[in-house]
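**Student:** Quick one: this structure, given as structure tokens, is what I'll be asking you about.
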Amino acid sequence: MTAQEIKAEIKAGEQPSAFSPALAARRRAQARADRVAVFYPLASGVLGLAIWEAVVRILKMPPYLLPAPTHVLAETWLYLPMLLKQLGITAFAAGVGFAIALVGGVVAGAAITASRFVDRTLYPWLVIWHAIPKAVVAPLFIVWIGFGMTSEIIFVIVFTVFPIVVNTVTGLKSADPDLLLLVRSMGAERFQMLWKIRIPNALPSIFAGIKISATLAPVGAVIGEFVAANQGLGHLLIQAIGGLETPLAFAAVFVMAVFGIAIWYLTEAIERWTIPWHASQRGSVLGL
Amino acid sequence: MTAQEIKAEIKAGEQPSAFSPALAARRRAQARADRVAVFYPLASGVLGLAIWEAVVRILKMPPYLLPAPTHVLAETWLYLPMLLKQLGITAFAAGVGFAIALVGGVVAGAAITASRFVDRTLYPWLVIWHAIPKAVVAPLFIVWIGFGMTSEIIFVIVFTVFPIVVNTVTGLKSADPDLLLLVRSMGAERFQMLWKIRIPNALPSIFAGIKISATLAPVGAVIGEFVAANQGLGHLLIQAIGGLETPLAFAAVFVMAVFGIAIWYLTEAIERWTIPWHASQRGSVLGL
Amino acid sequence: QKINFLLDWAWIPYHTIFLTAEDRGFYREAGLEVKIEQGRGSATTAIVVGQGNFDIGHINSTNVAQAIGKGVPLKSIAVYQHRSSASFAAMKEKHTLKGAESLKGLKIGSTPGGSDALSLAIFKKINNIPEGAFTVVGLDGAAKRAAVLTGAVDAVSGDSHAFAAILRGAGKEPSMFLLSDYGVPLLGFGFAANEEFIKKEPQAIKKFLAATKRGFQAAIKDPKASCEFMKTKVLLTGTVEFCVDYYMGLMELSQSPDDPNWGRQTPEEWSKLVAALKSVDEIKSDKKSDDYFTNEFVP
Amino acid sequence: MTTVLLQDVRKVYGGTQADVDALGPISFGIAKGETVSVVGPSGCGKSTLLRVIAGLDSATAGTVTVAGQLVSSPIGDVGIVFQRDLLLDWRSVIDNVLLPAELRRMDLSAARTRAMQLLAELGVADFALRYPWELSGGMRQRVAIARALLCKPSMLFLDEPFSALDALTRDQMNVILQQVQIHEGVTTLLITHSIQEAVFLADRVIVMSGRPGRTLDEIVVPFARPRRLSLREAPEFAAIAGRIRIHFERTGILVG
Amino acid sequence: MTTVLLQDVRKVYGGTQADVDALGPISFGIAKGETVSVVGPSGCGKSTLLRVIAGLDSATAGTVTVAGQLVSSPIGDVGIVFQRDLLLDWRSVIDNVLLPAELRRMDLSAARTRAMQLLAELGVADFALRYPWELSGGMRQRVAIARALLCKPSMLFLDEPFSALDALTRDQMNVILQQVQIHEGVTTLLITHSIQEAVFLADRVIVMSGRPGRTLDEIVVPFARPRRLSLREAPEFAAIAGRIRIHFERTGILVG
Ligand SMILES: Nc1ncnc2c1ncn2[C@@H]1O[C@H](COP(=O)(O)OP(=O)(O)OP(=O)(O)O)[C@@H](O)[C@H]1O
Ligand SMILES: Nc1ncnc2c1ncn2[C@@H]1O[C@H](COP(=O)(O)OP(=O)(O)OP(=O)(O)O)[C@@H](O)[C@H]1O
Ligand SMILES: [Mg+2]
Ligand SMILES: [Mg+2]
């Protein structure tokens, strides 16, 4: 019996609702929300850029210090193909690194939650790794792993794994003990408890980690490129900064910002789609 | 009527429990847990250092590349007063910056949760700020704020505020809609709903943000010192790296690692003490 | 008379000169109160001085040229290192760098942006080095050092005074290749001042340079003592030997402070520098070389 | 005098699937000081009704007025016991009970004394300093009742408040609730599954149809107060209970 | 043949305050295919008892054996309805019901058909694709019952499974449960607050004292099966119910 069949069966048994004001109201609310979702950020973006432009013009900021947004946009447009190519490289490293960090982080979080031993032995090292400036150990990376994509990806992992681990652990540990007992009584094995209860229950928290990390991943890639790379936005940035090509540097940053925002909204969309059942996604009651 | 009086009243009405095996069992479990909590991390720490030492010795790593832990410890011991003094500076910046980020982050998170307008206008800027490498604005920093503590603290804030905001928002949005209705029916105002329901409910999530940020704060301070300060561990690191004093650099990192771990355990202790009622703190049922 | 003086980087051995001048009271005797602040790279120092947050900077003159070309209101007021330190460095045990031929097929670590990449580009241009004659790997400062010491790259491009000292400090014999020997007309360290300040306080600049020159003279007399003195004054890590090596490495490429022309710049060297920068598209404006420097204040 | 008045109230839920026609149209009133019991099959919209009256959910059609005011936001001065006990995990029992006093910024010391009295009366005083997860289901429910009574509201809306209690405790609760009604003249809306309880406590019983819930019958319960538990064995009582039961049986099939 | 056997079982909870002596010592057995009802005042340890028997909590003293095995970890082959419905928020109703089949890696297609049958029988089939928060309290409870029945377990432990249902639905549930018992010979432990229900469904009723819960009385219910709902009006039935009620009344005061 498929979900489709169930649906058909339900349909058959159900009297049609006399009218559907709720549906209509929902549609209206949704449309308004969509307008707000697009309009507000745009307005605030435009306003922010306008303020920036005004500051630059009124204080007569020289472009090598702080270029005006119009200048940055012009520069972006001028160098767009090159910027996009570099972004592609950085984004690739960020994507691969983040994917590894996500899987590794969730697995590590699960191991930490499942085993006191792992908790007490692995976690402190992760904390230490998170709590030290990577600049000191960066050269070591280069020496051991070599230049290029690999070390860049490792940089991304190092940058992004910790928020995911912490949020995974918090989420996994928050499972309702009674729910765990329930599935235990249904004969669930540890792995099933993890998969069927703890992980779904942890998803909202994991998504918080993902939001932090996914947007941080390109920054990690760029820092990796600062240390050692011949390509990517980081390399471009260093060149631009060193050569006092501040508008180009800002153009690169602008591209990163757009990319970051895109990732952010993508993550939010995935979240909405993945955990529609969660209170945070169900919309507000009475606008509370 | 005070809690004390209530307690007395209860005591008077309660028959003494015939025996207290549960209490004894709890004590035993606690003692074992304490041993584990101290022994495992220590053992894993010692093991990690031993492996590192072995690697250095077997591969005959030169100290300017990777000093042996014994070497680092000796160096730490040698420079301890100086290291502690620099740590003090860095820790101060980290502490002040983190405190501001915490308060600001929670307030921002509350504003974002409360107002769709703030959500749609402020949040994207926070995301952008999080998603761009801060190195680009370094000269701006020096020109506008100058070298010193202020720049450093701002760097810490910039580094640590985002995880707190995201986790606060996630936590605040997760409140049970029925609970909100309940207090609404008791005449709660918006602020009371926030304070009495949403915030307590968000605490586990906020603590995840705190754990990420508190341990990151010293890193932010060090990066701030790299960019625009002439004291603290970051400055020492610049010096040590420039002077080819890798062991001293590692000694500084070692001090930071110890400090980071200390912050971590402190945060966990505060968490246990603040949210003992939460599933994540109540200990496991059946060791699930 | 107060002067805010910004260095090119956080304390580096050769900064002992300024500490000496201050300690011996040269500035005070000149009626100056000099506040020395550590910097974060010549490019940043150029901007910050240009913005007027500081009056005078100790900067690599190539960066000064670059900055002026970009419109930073700055002028070079003295250059004491007329030959750039730009060089290739390798471990002698692995490679001996001699002549452009010896670079063939090498993997060279170089920091993008900044003067390092610039000198490399000009070197290639001037010597008609074909594309692909050697491989360039972009590395930041610390990575460059680790990479050359472990053989991850064959050579690095960077300041000779720094890398000679670093390689020797790690117990390796360096093999150095000075780009100035191969027609690269870049300038090394000197001083630049904010244009506003030049207009307002010409006398102060004059006094500053004169007092600083005394610092150069005093410090060079006993490099070891200068290094030891510096270590007592500020946080400077590394051994005294390393410090002396580093400091003297720079001094060897610099004009002697006893030279009566110390600090004096020639229009030729500036126009060559600017032409070289133009040849690699680093400078696009057509300012005259007068706009870049002035010898008004040279003692 | 009517305090609560519903006119043609409907509620349609939008959801993940098709809309659910959950309630009404339904119209009735509750007089000041009156107790109205609502009975009806599971899922017929009783809880929805309560939420709409309390202003916690908006009606899709129709109007609700309470004390002459059109209800459009949560009404104050009402004690609600929800179907789920909704205790706050992070507060001890006593602090849970004190919550409405805190929210209304009342004198906490006096409130605490009253809270302890209520807890004692409801048989959970020994657990005042414990946390909700240390309580049994019935104890949690009693704490929720104490919380609703704390501020002596002029209205009580109770959604199956005694469902987790054993027969005897339930009887005792009925007696306690009746005392509150008599002494404080509180207007009460009681949703219950026990026909006996509905009749025993109410001045009027409203029998609802299956989803979407409409009024099937309204029965006035004429017995004087205070009523004794033994009243339940009286034939007049049985007659009323029987009349309600017949409605249920007529509905016949189970309704979602 | 006895499948469930308790000997001198005690449970003491450690908590934030002093220990709670929650249960026992209590000893009894349940024969294979037998239905035992447990009644007792709120907070007397009934839920605790169920958890201890199911191996979900460890006894502080005494032993529990199920099918000859000493219980030290959760036992399999049992369907449990907890006092809270414990539906998973992230699963639709049908997926909630299918959970035990998934966990036991059974054929999902067949299980789905059975699940739909159960939901239909319990009157919530129309809501199969909805999420738990779109259901009423009683509907949630019925979904939890369907889930417990899905895998045709040889034992059923039910903790007040019908508390959120109206009288008639409850009666229908009683009939359905009796059918299951007769057809599948399932061993049942039923915790309930309704004395009528306890007697109607059980072969034996255990009356527990106040906390810490001990056995006050064990009453064999001799009526043959299938029993008709009208049996409840029979004087023999009333006699047994009365005997139980007297125990309650003797306990007198409310117990925490
Ligand atoms: N949030 C919601 N979204 C969609 N449908 C809902 C929602 N809440 C309730 N419903 C539907 O509304 C109808 C009435 O629900 P309600 O909770 O009012 O029933 P009830 O009479 O209280 O039942 P019970 O006695 O079982 O508690 C049900 O069919 C339910 O499925
Ligand atoms: N996790 C716990 N920690 C501490 N005490 C607990 C815990 N769970 C239950 N108790 C205590 O054990 C006693 C028995 O609880 P239990 O839930 O078994 O009662 P019950 O008979 O099911 O009551 P009800 O009919 O109200 O559901 C109660 O006094 C309760 O306070
Ligand atoms: Mg309901
Ligand atoms: Mg119970």
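Numbering starts fresh at 1 for the residues of each chain in the structure tokens, the chains themselves are lettered A, B, ... in the order given, and ligands are numbered from 1 as they appear.
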Write as a ChimeraX atom specification the residues around ligand 1, taking 8 Å as the cut-off and counting only C-alpha atoms and all ligand atoms.
**Tutor:** /D:12-16,19-23,40-50,83,159,193,211-213,256 /E:127,133-140,164-166
**Student:** For stretch 178-184 of chain A, please output as a PyMOL selection string all residues within 12 Å (counting only C-alpha atoms; exclusion window: fewer than 4 positions along the same chain).
**Tutor:** (chain A and resi 172-174+188-201) or (chain B and resi 279+284-288) or (chain D and resi 133) or (chain E and resi 51-52+54-57+73-89+96+98-104+144+147-148+157)
**Student:** Define the interface residues of chain C facing chain A as those within 10 Å, counting only C-alpha atoms, and report them as a PyMOL selection string.
**Tutor:** chain C and resi 41-44+46-48+51+63+66-67+69-73+109-118+136-153+282-283
**Student:** Might you pull out every residue within 12 Å of C:Tyr182, with only C-alpha atoms counted and same-chain residues fewer than 6 positions away left off, and present them as a PyMOL selection string?
**Tutor:** chain C and resi 83-84+86-88+98-101+119-120+122-129
**Student:** According to DSSP computed on the backbone, where in stretch 38-231 of chain E is there strand (DSSP E)? Give the residues as JSON, numbers by chain.
**Tutor:** {"E": [38, 39, 61, 62, 63, 64, 65, 66, 69, 70, 78, 79, 80, 81, 155, 156, 157, 158, 159, 187, 188, 189, 190, 191, 204, 205, 206, 207, 208, 215, 216, 217, 218, 219, 220]}
**Student:** Give me the chain B side of the contact with chain A, cut-off 7 Å, one line per residue showing its nearest atom pair and distance in Å at one decimal, counting only C-alpha atoms, sorted by chain and residue number, as JSON lines.
**Tutor:**
```
{"residue": "B:Ala37", "atom": "CA", "partner": "A:Arg120", "partner_atom": "CA", "distance": 6.5}
{"residue": "B:Tyr40", "atom": "CA", "partner": "A:Arg120", "partner_atom": "CA", "distance": 5.6}
{"residue": "B:Pro41", "atom": "CA", "partner": "A:Thr121", "partner_atom": "CA", "distance": 5.1}
{"residue": "B:Ser44", "atom": "CA", "partner": "A:Thr121", "partner_atom": "CA", "distance": 5.3}
{"residue": "B:Arg120", "atom": "CA", "partner": "A:Pro41", "partner_atom": "CA", "distance": 5.3}
{"residue": "B:Thr121", "atom": "CA", "partner": "A:Pro41", "partner_atom": "CA", "distance": 5.1}
{"residue": "B:Pro124", "atom": "CA", "partner": "A:Ile261", "partner_atom": "CA", "distance": 6.9}
{"residue": "B:Val127", "atom": "CA", "partner": "A:Ile261", "partner_atom": "CA", "distance": 6.6}
{"residue": "B:Ile128", "atom": "CA", "partner": "A:Ala257", "partner_atom": "CA", "distance": 5.2}
{"residue": "B:His130", "atom": "CA", "partner": "A:Leu216", "partner_atom": "CA", "distance": 6.8}
{"residue": "B:Ala131", "atom": "CA", "partner": "A:Thr215", "partner_atom": "CA", "distance": 5.3}
{"residue": "B:Ile132", "atom": "CA", "partner": "A:Val219", "partner_atom": "CA", "distance": 6.0}
{"residue": "B:Pro133", "atom": "CA", "partner": "A:Val219", "partner_atom": "CA", "distance": 5.4}
{"residue": "B:Leu140", "atom": "CA", "partner": "A:Leu65", "partner_atom": "CA", "distance": 6.4}
{"residue": "B:Pro163", "atom": "CA", "partner": "A:Ile212", "partner_atom": "CA", "distance": 6.0}
{"residue": "B:Val166", "atom": "CA", "partner": "A:Ala208", "partner_atom": "CA", "distance": 6.1}
{"residue": "B:Asn167", "atom": "CA", "partner": "A:Ala208", "partner_atom": "CA", "distance": 5.9}
{"residue": "B:Thr170", "atom": "CA", "partner": "A:Ala208", "partner_atom": "CA", "distance": 6.5}
{"residue": "B:Lys173", "atom": "CA", "partner": "A:Ser280", "partner_atom": "CA", "distance": 4.5}
{"residue": "B:Ser174", "atom": "CA", "partner": "A:Ser280", "partner_atom": "CA", "distance": 4.8}
{"residue": "B:Ala175", "atom": "CA", "partner": "A:Ala279", "partner_atom": "CA", "distance": 6.7}
{"residue": "B:Asp176", "atom": "CA", "partner": "A:Ala279", "partner_atom": "CA", "distance": 6.4}
{"residue": "B:Pro177", "atom": "CA", "partner": "A:Val285", "partner_atom": "CA", "distance": 6.5}
{"residue": "B:Ala208", "atom": "CA", "partner": "A:Asn167", "partner_atom": "CA", "distance": 5.9}
{"residue": "B:Ile212", "atom": "CA", "partner": "A:Pro163", "partner_atom": "CA", "distance": 6.0}
{"residue": "B:Thr215", "atom": "CA", "partner": "A:Ala131", "partner_atom": "CA", "distance": 5.3}
{"residue": "B:Leu216", "atom": "CA", "partner": "A:Ala131", "partner_atom": "CA", "distance": 5.6}
{"residue": "B:Val219", "atom": "CA", "partner": "A:Pro133", "partner_atom": "CA", "distance": 5.4}
{"residue": "B:Val253", "atom": "CA", "partner": "A:Ile132", "partner_atom": "CA", "distance": 6.1}
{"residue": "B:Met256", "atom": "CA", "partner": "A:Ile132", "partner_atom": "CA", "distance": 6.1}
{"residue": "B:Ala257", "atom": "CA", "partner": "A:Ile128", "partner_atom": "CA", "distance": 5.2}
{"residue": "B:Gly260", "atom": "CA", "partner": "A:Ala131", "partner_atom": "CA", "distance": 5.3}
{"residue": "B:Ile261", "atom": "CA", "partner": "A:Ile128", "partner_atom": "CA", "distance": 6.3}
{"residue": "B:Ala279", "atom": "CA", "partner": "A:Ser174", "partner_atom": "CA", "distance": 5.2}
{"residue": "B:Ser280", "atom": "CA", "partner": "A:Lys173", "partner_atom": "CA", "distance": 4.6}
{"residue": "B:Val285", "atom": "CA", "partner": "A:Pro177", "partner_atom": "CA", "distance": 6.4}
```
**Student:** Using only N, CA, C and O atoms, please write the residues we just selected to a file, as a short mmCIF file (atom, residue, chain, number, x, y, z; two decimals), in the first residue's frame.
**Tutor:**
```cif
data_model
loop_
_atom_site.label_atom_id
_atom_site.label_comp_id
_atom_site.auth_asym_id
_atom_site.auth_seq_id
_atom_site.Cartn_x
_atom_site.Cartn_y
_atom_site.Cartn_z
N ALA B 37 35.69 11.33 34.10
CA ALA B 37 35.77 12.69 33.58
C ALA B 37 37.18 13.24 33.67
O ALA B 37 37.59 14.06 32.86
N TYR B 40 40.02 9.94 31.68
CA TYR B 40 40.05 9.79 30.22
C TYR B 40 40.72 10.96 29.51
O TYR B 40 41.60 10.76 28.67
N PRO B 41 40.29 12.18 29.81
CA PRO B 41 40.93 13.29 29.10
C PRO B 41 42.44 13.34 29.36
O PRO B 41 43.23 13.57 28.45
N SER B 44 44.07 10.61 27.41
CA SER B 44 44.10 10.92 25.98
C SER B 44 45.07 12.05 25.70
O SER B 44 45.78 12.06 24.69
N ARG B 120 14.30 40.22 8.56
CA ARG B 120 14.55 40.36 7.13
C ARG B 120 15.55 41.46 6.80
O ARG B 120 16.06 41.52 5.69
N THR B 121 15.78 42.37 7.74
CA THR B 121 16.70 43.45 7.40
C THR B 121 18.05 43.32 8.11
O THR B 121 19.08 43.55 7.51
N PRO B 124 20.34 39.45 7.28
CA PRO B 124 21.22 39.31 6.11
C PRO B 124 22.56 40.01 6.30
O PRO B 124 23.59 39.48 5.88
N VAL B 127 24.74 37.88 8.34
CA VAL B 127 25.22 36.76 7.53
C VAL B 127 26.37 37.21 6.64
O VAL B 127 27.43 36.56 6.57
N ILE B 128 26.19 38.35 5.99
CA ILE B 128 27.25 38.85 5.11
C ILE B 128 28.52 39.07 5.89
O ILE B 128 29.61 38.64 5.51
N HIS B 130 29.48 37.69 8.47
CA HIS B 130 30.04 36.40 8.86
C HIS B 130 30.69 35.71 7.67
O HIS B 130 31.64 34.94 7.84
N ALA B 131 30.18 35.99 6.48
CA ALA B 131 30.58 35.22 5.30
C ALA B 131 31.73 35.85 4.53
O ALA B 131 32.09 35.36 3.47
N ILE B 132 32.28 36.95 5.03
CA ILE B 132 33.40 37.55 4.30
C ILE B 132 34.65 37.49 5.16
O ILE B 132 34.59 37.51 6.39
N PRO B 133 35.79 37.39 4.51
CA PRO B 133 37.04 37.38 5.27
C PRO B 133 37.32 38.78 5.79
O PRO B 133 37.21 39.75 5.06
N LEU B 140 41.48 49.52 7.15
CA LEU B 140 40.39 50.37 7.61
C LEU B 140 40.34 50.43 9.12
O LEU B 140 40.14 51.48 9.72
N PRO B 163 27.61 32.70 15.86
CA PRO B 163 27.08 31.43 16.41
C PRO B 163 26.05 31.66 17.51
O PRO B 163 25.08 30.91 17.62
N VAL B 166 22.70 32.78 15.77
CA VAL B 166 22.01 31.68 15.10
C VAL B 166 21.40 30.71 16.11
O VAL B 166 20.24 30.31 16.00
N ASN B 167 22.19 30.36 17.12
CA ASN B 167 21.67 29.40 18.09
C ASN B 167 20.56 30.01 18.94
O ASN B 167 19.64 29.32 19.36
N THR B 170 17.43 29.92 16.70
CA THR B 170 16.92 28.55 16.63
C THR B 170 16.23 28.17 17.94
O THR B 170 15.13 27.61 17.94
N LYS B 173 12.93 30.14 18.53
CA LYS B 173 11.85 29.74 17.64
C LYS B 173 11.32 28.35 17.96
O LYS B 173 10.27 27.96 17.45
N SER B 174 12.05 27.61 18.77
CA SER B 174 11.64 26.23 19.04
C SER B 174 10.64 26.11 20.18
O SER B 174 10.25 25.00 20.54
N ALA B 175 10.27 27.23 20.77
CA ALA B 175 9.36 27.14 21.91
C ALA B 175 8.05 26.47 21.50
O ALA B 175 7.54 26.70 20.41
N ASP B 176 7.55 25.63 22.38
CA ASP B 176 6.29 24.94 22.16
C ASP B 176 5.16 25.97 22.01
O ASP B 176 4.92 26.76 22.91
N PRO B 177 4.49 26.00 20.86
CA PRO B 177 3.43 27.00 20.66
C PRO B 177 2.37 26.93 21.76
O PRO B 177 1.84 27.98 22.17
N ALA B 208 24.89 25.91 23.22
CA ALA B 208 25.69 25.39 22.10
C ALA B 208 26.43 26.55 21.45
O ALA B 208 27.63 26.46 21.15
N ILE B 212 30.59 27.27 21.30
CA ILE B 212 31.35 27.55 20.08
C ILE B 212 32.09 28.88 20.22
O ILE B 212 33.27 28.99 19.91
N THR B 215 34.99 29.51 23.21
CA THR B 215 36.31 28.95 22.92
C THR B 215 36.94 29.63 21.71
O THR B 215 38.15 29.57 21.53
N LEU B 216 36.11 30.29 20.91
CA LEU B 216 36.64 30.97 19.73
C LEU B 216 37.12 32.38 20.08
O LEU B 216 37.93 32.96 19.34
N VAL B 219 40.78 33.10 20.06
CA VAL B 219 41.29 33.08 18.69
C VAL B 219 41.00 34.41 18.02
O VAL B 219 41.87 34.99 17.35
N VAL B 253 50.76 28.78 21.78
CA VAL B 253 49.60 28.00 21.39
C VAL B 253 49.20 27.04 22.51
O VAL B 253 48.01 26.84 22.79
N MET B 256 47.32 28.83 25.00
CA MET B 256 45.96 29.08 24.50
C MET B 256 45.10 27.83 24.58
O MET B 256 43.90 27.89 24.87
N ALA B 257 45.70 26.69 24.26
CA ALA B 257 44.95 25.44 24.28
C ALA B 257 44.47 25.15 25.70
O ALA B 257 43.30 24.80 25.92
N GLY B 260 41.77 27.50 26.45
CA GLY B 260 40.55 27.12 25.73
C GLY B 260 39.83 25.96 26.41
O GLY B 260 38.61 25.98 26.59
N ILE B 261 40.59 24.95 26.79
CA ILE B 261 39.99 23.80 27.46
C ILE B 261 39.36 24.22 28.78
O ILE B 261 38.27 23.76 29.15
N ALA B 279 16.82 17.57 29.24
CA ALA B 279 17.10 16.16 28.96
C ALA B 279 18.60 15.92 28.81
O ALA B 279 19.13 14.91 29.28
N SER B 280 19.28 16.88 28.16
CA SER B 280 20.70 16.66 27.89
C SER B 280 21.52 16.62 29.18
O SER B 280 22.63 16.12 29.20
N VAL B 285 18.88 7.51 30.38
CA VAL B 285 18.02 6.45 30.87
C VAL B 285 18.57 5.16 30.30
O VAL B 285 18.83 5.06 29.12
#
```
**Student:** Using only C-alpha atoms and all ligand atoms, which of E:Leu149, E:Ala115, E:Val39, E:Leu129 sits nearest ligand 2?
**Tutor:**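 Smallest distance to ligand 2 is found for E:Val39.
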**Student:** Please determine, counting only C-alpha atoms and all ligand atoms, which residue among D:Ser230, D:Ser58, D:Gln141, D:Ser154 has the shortest atom-to-atom distance to ligand 4.
**Tutor:** D:Gln141
**Student:** Might you pull out every residue within 7 Å of A:Ile89, with only C-alpha atoms counted and same-chain residues fewer than 4 positions away left off, and present them as a ChimeraX atom specification?
**Tutor:** /A:85,93,232
